[in-house]
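Note: the block below is input_6.cif and it holds mmCIF, C-alpha atoms and all ligand atoms.
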data_target
loop_
_atom_site.label_atom_id
_atom_site.label_comp_id
_atom_site.auth_asym_id
_atom_site.auth_seq_id
_atom_site.Cartn_x
_atom_site.Cartn_y
_atom_site.Cartn_z
CA MET L 1 0.00 0.00 0.00
CA ALA L 2 2.89 2.31 0.67
CA SER L 3 4.03 2.90 -2.88
CA ASP L 4 1.23 5.40 -3.48
CA LEU L 5 2.42 7.53 -0.57
CA GLY L 6 5.50 8.85 -2.32
CA ASN L 7 4.28 12.36 -2.92
CA GLN L 8 2.26 12.83 0.22
CA GLY L 9 3.10 13.72 3.74
CA THR L 10 5.70 15.72 5.56
CA LEU L 11 9.36 15.17 4.83
CA CYS L 12 11.44 13.63 7.55
CA THR L 13 15.09 12.65 7.69
CA LEU L 14 16.13 9.04 8.12
CA GLU L 15 19.63 8.15 9.22
CA PHE L 16 20.96 4.77 8.11
CA ALA L 17 24.22 3.05 8.88
CA VAL L 18 25.33 1.42 5.63
CA GLN L 19 28.56 -0.50 5.12
CA MET L 20 30.58 1.46 2.59
CA THR L 21 34.29 1.09 1.97
CA CYS L 22 34.97 3.12 -1.15
CA GLN L 23 33.65 5.64 -3.62
CA SER L 24 31.96 2.98 -5.73
CA CYS L 25 29.91 1.99 -2.68
CA VAL L 26 28.87 5.60 -2.28
CA ASP L 27 27.87 5.75 -5.94
CA ALA L 28 25.85 2.54 -5.66
CA VAL L 29 24.04 3.84 -2.59
CA ARG L 30 23.25 7.13 -4.29
CA LYS L 31 22.03 5.35 -7.40
CA SER L 32 19.68 3.12 -5.41
CA LEU L 33 17.69 6.19 -4.33
CA GLN L 34 18.05 8.28 -7.45
CA GLY L 35 14.78 9.36 -9.04
CA VAL L 36 12.68 7.48 -6.48
CA ALA L 37 9.34 9.22 -5.88
CA GLY L 38 9.19 10.44 -2.30
CA VAL L 39 12.96 10.80 -1.91
CA GLN L 40 13.90 14.46 -1.96
CA ASP L 41 17.55 14.45 -1.04
CA VAL L 42 20.29 12.00 -0.10
CA GLU L 43 23.52 12.69 1.79
CA VAL L 44 26.12 9.95 1.82
CA HIS L 45 28.96 10.21 4.33
CA LEU L 46 31.58 7.57 3.56
CA GLU L 47 33.72 8.46 6.55
CA ASN L 48 30.95 7.60 9.00
CA GLN L 49 29.24 4.97 6.83
CA MET L 50 26.15 7.09 7.21
CA VAL L 51 23.34 7.85 4.77
CA LEU L 52 20.81 10.60 5.43
CA VAL L 53 17.62 10.44 3.39
CA HIS L 54 15.06 13.24 3.31
CA THR L 55 11.87 11.48 2.37
CA THR L 56 8.16 10.97 2.67
CA LEU L 57 8.54 7.20 2.26
CA PRO L 58 8.20 4.67 5.09
CA SER L 59 11.63 3.82 6.50
CA GLN L 60 11.20 0.16 5.56
CA GLU L 61 10.89 1.08 1.88
CA VAL L 62 14.04 3.20 1.96
CA GLN L 63 15.88 0.46 3.79
CA ALA L 64 14.84 -2.09 1.15
CA LEU L 65 16.14 0.20 -1.62
CA LEU L 66 19.46 0.63 0.17
CA GLU L 67 19.76 -3.10 0.78
CA GLY L 68 19.10 -3.67 -2.91
CA THR L 69 22.75 -2.66 -3.36
CA GLY L 70 23.77 -5.80 -1.49
CA ARG L 71 24.66 -3.94 1.70
CA GLN L 72 23.01 -4.13 5.07
CA ALA L 73 21.28 -0.90 6.08
CA VAL L 74 20.34 -0.24 9.70
CA LEU L 75 17.98 2.56 10.61
CA LYS L 76 19.73 4.54 13.32
CA GLY L 77 17.50 7.54 13.67
CA MET L 78 14.69 9.63 12.41
CA GLY L 79 14.23 13.36 12.61
CA SER L 80 11.73 15.96 11.57
CA GLY L 81 14.34 18.39 10.29
CA GLN L 82 13.14 20.94 12.82
CA LEU L 83 15.61 22.44 15.21
CA LYS L 84 13.60 21.57 18.25
CA ASN L 85 13.35 18.04 19.55
CA LEU L 86 9.63 17.51 19.88
CA GLY L 87 9.81 13.89 20.88
CA ALA L 88 9.99 10.41 19.44
CA ALA L 89 8.94 6.96 20.55
CA VAL L 90 9.00 3.38 19.41
CA ALA L 91 6.88 0.29 20.02
CA ILE L 92 8.08 -3.26 19.40
CA LEU L 93 5.01 -5.38 18.76
CA GLY L 94 4.79 -9.01 19.71
CA GLY L 95 2.23 -11.43 21.00
CA PRO L 96 1.40 -15.06 21.58
CA GLY L 97 1.31 -15.71 17.81
CA THR L 98 3.73 -14.97 15.01
CA VAL L 99 2.76 -11.36 14.42
CA GLN L 100 5.54 -8.89 15.14
CA GLY L 101 6.53 -5.41 14.13
CA VAL L 102 8.21 -2.12 14.87
CA VAL L 103 6.29 1.14 14.85
CA ARG L 104 7.85 4.57 15.35
CA PHE L 105 6.26 7.81 16.45
CA LEU L 106 7.85 11.15 15.63
CA GLN L 107 6.37 14.52 16.52
CA LEU L 108 6.93 16.49 13.31
CA THR L 109 5.43 19.74 14.54
CA PRO L 110 3.48 20.61 17.69
CA GLU L 111 0.37 19.55 15.74
CA ARG L 112 1.43 16.62 13.60
CA CYS L 113 2.67 13.23 14.68
CA LEU L 114 4.19 10.79 12.21
CA ILE L 115 3.41 7.13 12.80
CA GLU L 116 5.27 4.67 10.61
CA GLY L 117 6.30 1.08 10.74
CA THR L 118 6.24 -2.47 9.51
CA ILE L 119 4.22 -5.35 10.91
CA ASP L 120 4.74 -8.95 9.74
CA GLY L 121 2.87 -12.21 10.09
CA LEU L 122 -0.60 -10.84 9.37
CA GLU L 123 -3.39 -12.26 7.26
CA PRO L 124 -3.55 -10.27 4.01
CA GLY L 125 -6.03 -7.38 4.21
CA LEU L 126 -6.99 -4.66 6.64
CA HIS L 127 -6.21 -4.67 10.35
CA GLY L 128 -7.21 -2.15 13.01
CA LEU L 129 -4.35 -0.32 14.71
CA HIS L 130 -4.91 1.53 17.97
CA VAL L 131 -3.08 3.17 20.82
CA HIS L 132 -4.42 1.69 24.04
CA GLN L 133 -4.69 3.28 27.43
CA TYR L 134 -2.10 1.31 29.40
CA GLY L 135 1.42 0.10 28.80
CA ASP L 136 0.74 -2.97 30.87
CA LEU L 137 1.60 -6.33 29.30
CA THR L 138 1.25 -8.42 32.46
CA ASN L 139 -1.56 -10.32 30.77
CA ASN L 140 -0.22 -9.92 27.25
CA CYS L 141 -2.33 -7.57 25.13
CA ASN L 142 -5.35 -8.10 27.36
CA SER L 143 -4.11 -5.82 30.16
CA CYS L 144 -3.62 -2.79 27.92
CA GLY L 145 -7.08 -1.39 28.56
CA ASN L 146 -9.32 0.21 25.98
CA HIS L 147 -8.44 2.54 23.13
CA PHE L 148 -6.70 5.67 24.44
CA ASN L 149 -9.62 8.07 24.90
CA PRO L 150 -9.00 11.00 27.23
CA ASP L 151 -11.89 12.97 25.68
CA GLY L 152 -14.63 10.45 26.40
CA ALA L 153 -15.44 10.22 22.69
CA SER L 154 -16.89 7.37 20.64
CA HIS L 155 -14.77 5.11 18.48
CA GLY L 156 -14.15 6.49 15.01
CA GLY L 157 -11.74 6.68 12.12
CA PRO L 158 -8.50 8.66 12.01
CA GLN L 159 -10.09 11.41 9.89
CA ASP L 160 -13.05 11.90 12.24
CA SER L 161 -13.04 14.71 14.79
CA ASP L 162 -15.21 12.56 17.07
CA ARG L 163 -12.94 9.58 17.75
CA HIS L 164 -10.76 8.05 20.39
CA ARG L 165 -7.39 9.72 20.25
CA GLY L 166 -5.86 6.27 19.87
CA ASP L 167 -7.86 5.46 16.73
CA LEU L 168 -5.38 5.07 13.88
CA GLY L 169 -7.74 3.23 11.54
CA ASN L 170 -6.47 0.33 9.48
CA VAL L 171 -3.22 -0.79 7.96
CA ARG L 172 -3.17 -3.15 4.99
CA ALA L 173 -1.12 -6.31 4.91
CA ASP L 174 0.02 -7.49 1.49
CA ALA L 175 -0.11 -11.04 0.14
CA ASP L 176 3.01 -11.86 2.17
CA GLY L 177 1.35 -10.74 5.38
CA ARG L 178 3.43 -7.61 5.71
CA ALA L 179 1.99 -4.15 6.38
CA ILE L 180 4.23 -1.16 5.72
CA PHE L 181 2.67 2.16 6.60
CA ARG L 182 3.33 5.82 7.20
CA MET L 183 0.60 8.13 8.46
CA GLU L 184 0.33 11.55 10.04
CA ASP L 185 -2.11 12.40 12.77
CA GLU L 186 -3.13 15.63 14.44
CA GLN L 187 -4.86 14.19 17.48
CA LEU L 188 -2.09 11.97 18.80
CA LYS L 189 0.98 13.57 20.35
CA VAL L 190 4.16 11.68 21.19
CA TRP L 191 4.11 12.95 24.78
CA ASP L 192 0.58 11.57 25.24
CA VAL L 193 1.37 8.07 24.04
CA ILE L 194 4.70 7.31 25.72
CA GLY L 195 4.13 4.59 28.30
CA ARG L 196 0.91 3.46 26.67
CA SER L 197 0.65 0.59 24.19
CA LEU L 198 0.03 -0.01 20.52
CA ILE L 199 -2.05 -2.98 19.38
CA ILE L 200 -2.70 -4.52 15.97
CA ASP L 201 -5.98 -6.38 15.66
CA GLU L 202 -7.09 -9.47 13.81
CA GLY L 203 -9.70 -7.80 11.63
CA GLU L 204 -10.70 -4.63 9.90
CA ASP L 205 -11.72 -1.63 11.97
CA ASP L 206 -15.13 -0.45 10.71
CA LEU L 207 -14.25 3.08 11.94
CA GLY L 208 -17.41 3.23 14.02
CA ARG L 209 -19.68 2.85 11.00
CA GLY L 210 -20.39 -0.88 10.98
CA GLY L 211 -23.63 -0.93 12.93
CA HIS L 212 -22.28 -3.71 15.17
CA PRO L 213 -22.68 -3.33 18.94
CA LEU L 214 -18.87 -2.98 19.15
CA SER L 215 -18.55 -0.48 16.26
CA LYS L 216 -18.68 2.58 18.48
CA ILE L 217 -16.38 0.99 21.07
CA THR L 218 -13.64 -0.89 19.21
CA GLY L 219 -14.56 -0.75 15.53
CA ASN L 220 -15.30 -4.46 15.89
CA SER L 221 -11.80 -5.31 14.73
CA GLY L 222 -11.54 -8.62 16.52
CA GLU L 223 -8.87 -10.17 18.69
CA ARG L 224 -5.69 -8.39 19.72
CA LEU L 225 -2.90 -10.05 17.75
CA ALA L 226 0.22 -8.26 18.94
CA CYS L 227 1.06 -5.36 21.22
CA GLY L 228 3.95 -3.37 22.57
CA ILE L 229 4.68 -0.62 25.05
CA ILE L 230 5.34 2.74 23.43
CA ALA L 231 8.74 3.74 24.79
CA ARG L 232 10.47 7.07 24.53
CA SER L 233 13.38 7.19 22.11
CA ALA L 234 15.88 9.95 21.45
CA GLY L 235 14.88 9.82 17.84
CA LEU L 236 15.74 13.30 16.76
CA PHE L 237 18.99 14.72 15.64
CA GLN L 238 19.57 18.34 14.76
CA ASN L 239 22.26 18.25 12.14
CA PRO L 240 24.58 15.69 10.57
CA LYS L 241 27.64 17.15 12.27
CA GLN L 242 26.16 16.38 15.60
CA ILE L 243 25.63 12.79 14.62
CA CYS L 244 29.17 12.49 13.31
CA SER L 245 30.54 13.56 16.65
CA CYS L 246 28.78 10.76 18.49
CA ASP L 247 30.56 7.45 18.08
CA GLY L 248 28.29 4.46 18.22
CA LEU L 249 25.19 6.53 18.74
CA THR L 250 22.18 4.31 18.93
CA ILE L 251 19.06 6.32 18.69
CA TRP L 252 16.59 3.52 18.72
CA GLU L 253 16.69 1.02 21.52
CA GLU L 254 15.11 -1.91 19.74
CA ARG L 255 17.12 -4.80 21.05
CA GLY L 256 14.46 -5.97 23.39
CA ARG L 257 10.87 -5.50 24.16
CA PRO L 258 10.22 -3.05 26.98
CA ILE L 259 9.67 -4.75 30.30
CA ALA L 260 6.08 -5.53 31.16
CA GLY L 261 4.69 -3.15 33.71
CA LYS L 262 7.15 -0.45 32.78
CA GLY L 263 4.45 1.47 30.94
CA ARG L 264 2.01 3.80 32.49
CA LYS L 265 -1.08 2.61 34.18
CA GLU L 266 -2.71 5.96 34.62
CA SER L 267 -3.01 9.22 32.75
CA ALA L 268 0.07 11.41 32.83
CA GLN L 269 0.79 15.00 31.94
CA PRO L 270 3.14 16.08 29.19
CA PRO L 271 6.71 16.65 30.36
CA ALA L 272 7.20 20.17 31.69
CA HIS L 273 9.68 21.17 29.01
CA LEU L 274 7.25 20.62 26.15
ZN ZN U 301 -11.31 3.51 19.28
#
The structure given in the file should be rewritten as structure tokens.
Amino acid sequence: MASDLGNQGTLCTLEFAVQMTCQSCVDAVRKSLQGVAGVQDVEVHLENQMVLVHTTLPSQEVQALLEGTGRQAVLKGMGSGQLKNLGAAVAILGGPGTVQGVVRFLQLTPERCLIEGTIDGLEPGLHGLHVHQYGDLTNNCNSCGNHFNPDGASHGGPQDSDRHRGDLGNVRADADGRAIFRMEDEQLKVWDVIGRSLIIDEGEDDLGRGGHPLSKITGNSGERLACGIIARSAGLFQNPKQICSCDGLTIWEERGRPIAGKGRKESAQPPAHL
């Protein structure tokens, strides 16, 4: 579904670590992104084995293009290009089954939050995706509470003004069971979702319009397949020089799933500095 997103959305900057040893590697990396819709600009830094891509594409798509050169590409960071760090977060999704994924949140502006990621192991088709109230995995996805809804609204779709704030609508899995997505939302803020959880559901979210008893509560999107705590990440960098000065900087902490119970179990206020 993501290939039609190339010319939409707000640009962000992705930082990849790519193994490059010589100028021909640099040329190959540049060529892999040349003329690709949704890629505005590419900076290749051989000395740091770093590639910065200014793009509206999901990070997974850019990574696949880079890896098409035969080199491993690791996403190290993601920034909005703004000078101010507005906040970033990541959720590693897992569950009792085989569904797993990584979803990143980046506050692009005080109004707009970017949500992008890849989820694997799904049945092909649409699946509801929601931020839930609690980051509590003590009983797997079942202890995460309802959809995040501080306004006391009814369930709806992401474009509706009357919706749960956690309502992100559906993502589409392809024939291989993989969903790659990138969306922007003006109701969710990174500082509101940190410590909560993200859940992908078995079925399609009817966006509150299905006429089922659960439509106005959950979108009737079925069982919770996989979930993860939304953890803060230092996802933003301010300029390439700053990155270069930091040896071994790991912006995303994705090596393990956040510890159950680490997430919030009650409503919290935004950090004072925001
Ligand atoms: Zn909802």
| task | Identify, on the basis of all atoms listed in the file, every residue whose closest approach to Ala89 (chain L) does not exceed 7 Å; exclude the query and any residue fewer than 5 positions from it along the same chain; express the result as an MDAnalysis selection string. | result | chainID L and resid 104:106 190 194 230:233
| query | Taking all atoms listed in the file into account, which of L:Thr13, L:Asn146, L:Ser197, L:Gln34 comes nearest ligand ZN 301 (chain U)? | reply | L:Asn146
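With distances restricted to all atoms listed in the file, L:Gln133 is the closest residue to ligand ZN 301 (chain U) from L:Val171, L:Gln133, L:Trp191, L:Met183.
As for CA of Ile217 (chain L) and CA of Ala153 (chain L), they are spaced 9.4 Å apart.
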| query | Could you pull the residues within 8 Å of region 186-188 of chain L, counting only C-alpha atoms, minus those fewer than 6 positions along the same chain, as number ranges by chain? | reply | L: 111-113, 165-166
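Ranking L:Thr21, L:Asn170, L:Thr138, L:Gln60 by their shortest atom-to-atom distance to ligand ZN 301 (chain U), with only C-alpha atoms and all ligand atoms included, puts L:Asn170 first.
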Close residues to ligand ZN 301 (chain U) using all atoms listed in the file, limit 10 Å, as a PDB file with C-alpha atoms, in the coordinates of the input:
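Written output follows (out.pdb):
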ATOM      1  CA  GLY L 128      -7.210  -2.150  13.010  1.00  0.00           C
ATOM      2  CA  LEU L 129      -4.350  -0.320  14.710  1.00  0.00           C
ATOM      3  CA  HIS L 130      -4.910   1.530  17.970  1.00  0.00           C
ATOM      4  CA  VAL L 131      -3.080   3.170  20.820  1.00  0.00           C
ATOM      5  CA  HIS L 132      -4.420   1.690  24.040  1.00  0.00           C
ATOM      6  CA  ASN L 146      -9.320   0.210  25.980  1.00  0.00           C
ATOM      7  CA  HIS L 147      -8.440   2.540  23.130  1.00  0.00           C
ATOM      8  CA  PHE L 148      -6.700   5.670  24.440  1.00  0.00           C
ATOM      9  CA  ASN L 149      -9.620   8.070  24.900  1.00  0.00           C
ATOM     10  CA  ALA L 153     -15.440  10.220  22.690  1.00  0.00           C
ATOM     11  CA  SER L 154     -16.890   7.370  20.640  1.00  0.00           C
ATOM     12  CA  HIS L 155     -14.770   5.110  18.480  1.00  0.00           C
ATOM     13  CA  GLY L 156     -14.150   6.490  15.010  1.00  0.00           C
ATOM     14  CA  GLY L 157     -11.740   6.680  12.120  1.00  0.00           C
ATOM     15  CA  PRO L 158      -8.500   8.660  12.010  1.00  0.00           C
ATOM     16  CA  ARG L 163     -12.940   9.580  17.750  1.00  0.00           C
ATOM     17  CA  HIS L 164     -10.760   8.050  20.390  1.00  0.00           C
ATOM     18  CA  ARG L 165      -7.390   9.720  20.250  1.00  0.00           C
ATOM     19  CA  GLY L 166      -5.860   6.270  19.870  1.00  0.00           C
ATOM     20  CA  ASP L 167      -7.860   5.460  16.730  1.00  0.00           C
ATOM     21  CA  LEU L 168      -5.380   5.070  13.880  1.00  0.00           C
ATOM     22  CA  GLY L 169      -7.740   3.230  11.540  1.00  0.00           C
ATOM     23  CA  ASP L 205     -11.720  -1.630  11.970  1.00  0.00           C
ATOM     24  CA  LEU L 207     -14.250   3.080  11.940  1.00  0.00           C
ATOM     25  CA  GLY L 208     -17.410   3.230  14.020  1.00  0.00           C
ATOM     26  CA  LEU L 214     -18.870  -2.980  19.150  1.00  0.00           C
ATOM     27  CA  SER L 215     -18.550  -0.480  16.260  1.00  0.00           C
ATOM     28  CA  LYS L 216     -18.680   2.580  18.480  1.00  0.00           C
ATOM     29  CA  ILE L 217     -16.380   0.990  21.070  1.00  0.00           C
ATOM     30  CA  THR L 218     -13.640  -0.890  19.210  1.00  0.00           C
ATOM     31  CA  GLY L 219     -14.560  -0.750  15.530  1.00  0.00           C
ATOM     32  CA  ASN L 220     -15.300  -4.460  15.890  1.00  0.00           C
ATOM     33  CA  SER L 221     -11.800  -5.310  14.730  1.00  0.00           C
TER      34      SER L 221
END
| request: Show which residues sit within 7 Å of Arg182 (chain L), as number ranges by chain. Count all atoms listed in the file, and ignore same-chain residues fewer than 6 positions away. | output: L: 58, 115-117
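Between CA of Leu14 (chain L) and CA of Val51 (chain L) there is a distance of 8.0 Å.
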| CA of Ile229 (chain L) to CA of Thr98 (chain L): how many Å, to one decimal? | 17.5 Å
Using all atoms of region 218-231 of chain L listed in the file and a margin of 8 Å per side, can you give the axis-aligned box centre and edge lengths in Å to one decimal, as AutoDock Vina command-line options?
--center_x -3.3 --center_y -3.2 --center_z 19.9 --size_x 40.0 --size_y 29.9 --size_z 26.3
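Among the candidates L:Leu122, L:Cys12, L:Val102, L:Ala64, the residue lying nearest to Gln40 (chain L) is L:Cys12 (atoms considered: only C-alpha atoms).
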| So, counting all atoms listed in the file, which residue among L:Gln63, L:Met20, L:His127, L:Val26 is closest to Asp206 (chain L)? | L:His127
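Among the candidates L:Gly195, L:Gly77, L:Gly135, L:Gly9, the one nearest to Gly38 (chain L) when counting all atoms listed in the file is L:Gly9.
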| query | Within 10 Å of region 41-49 of chain L, counting only C-alpha atoms, which residues qualify if same-chain residues fewer than 2 places away don't, as a VMD selection string? | reply | chain L and resid 13 to 23 25 to 27 29 to 30 33 to 35 38 to 39 51 to 55 73 240 243 to 245 247
| query | What's the 7 Å shell around Val99 (chain L), counting all atoms listed in the file, without same-chain residues fewer than 4 positions away, as a list in words? | reply | Gly94, Gly95, Asp120, Gly121, Leu122, Leu225 and Ala226 of chain L
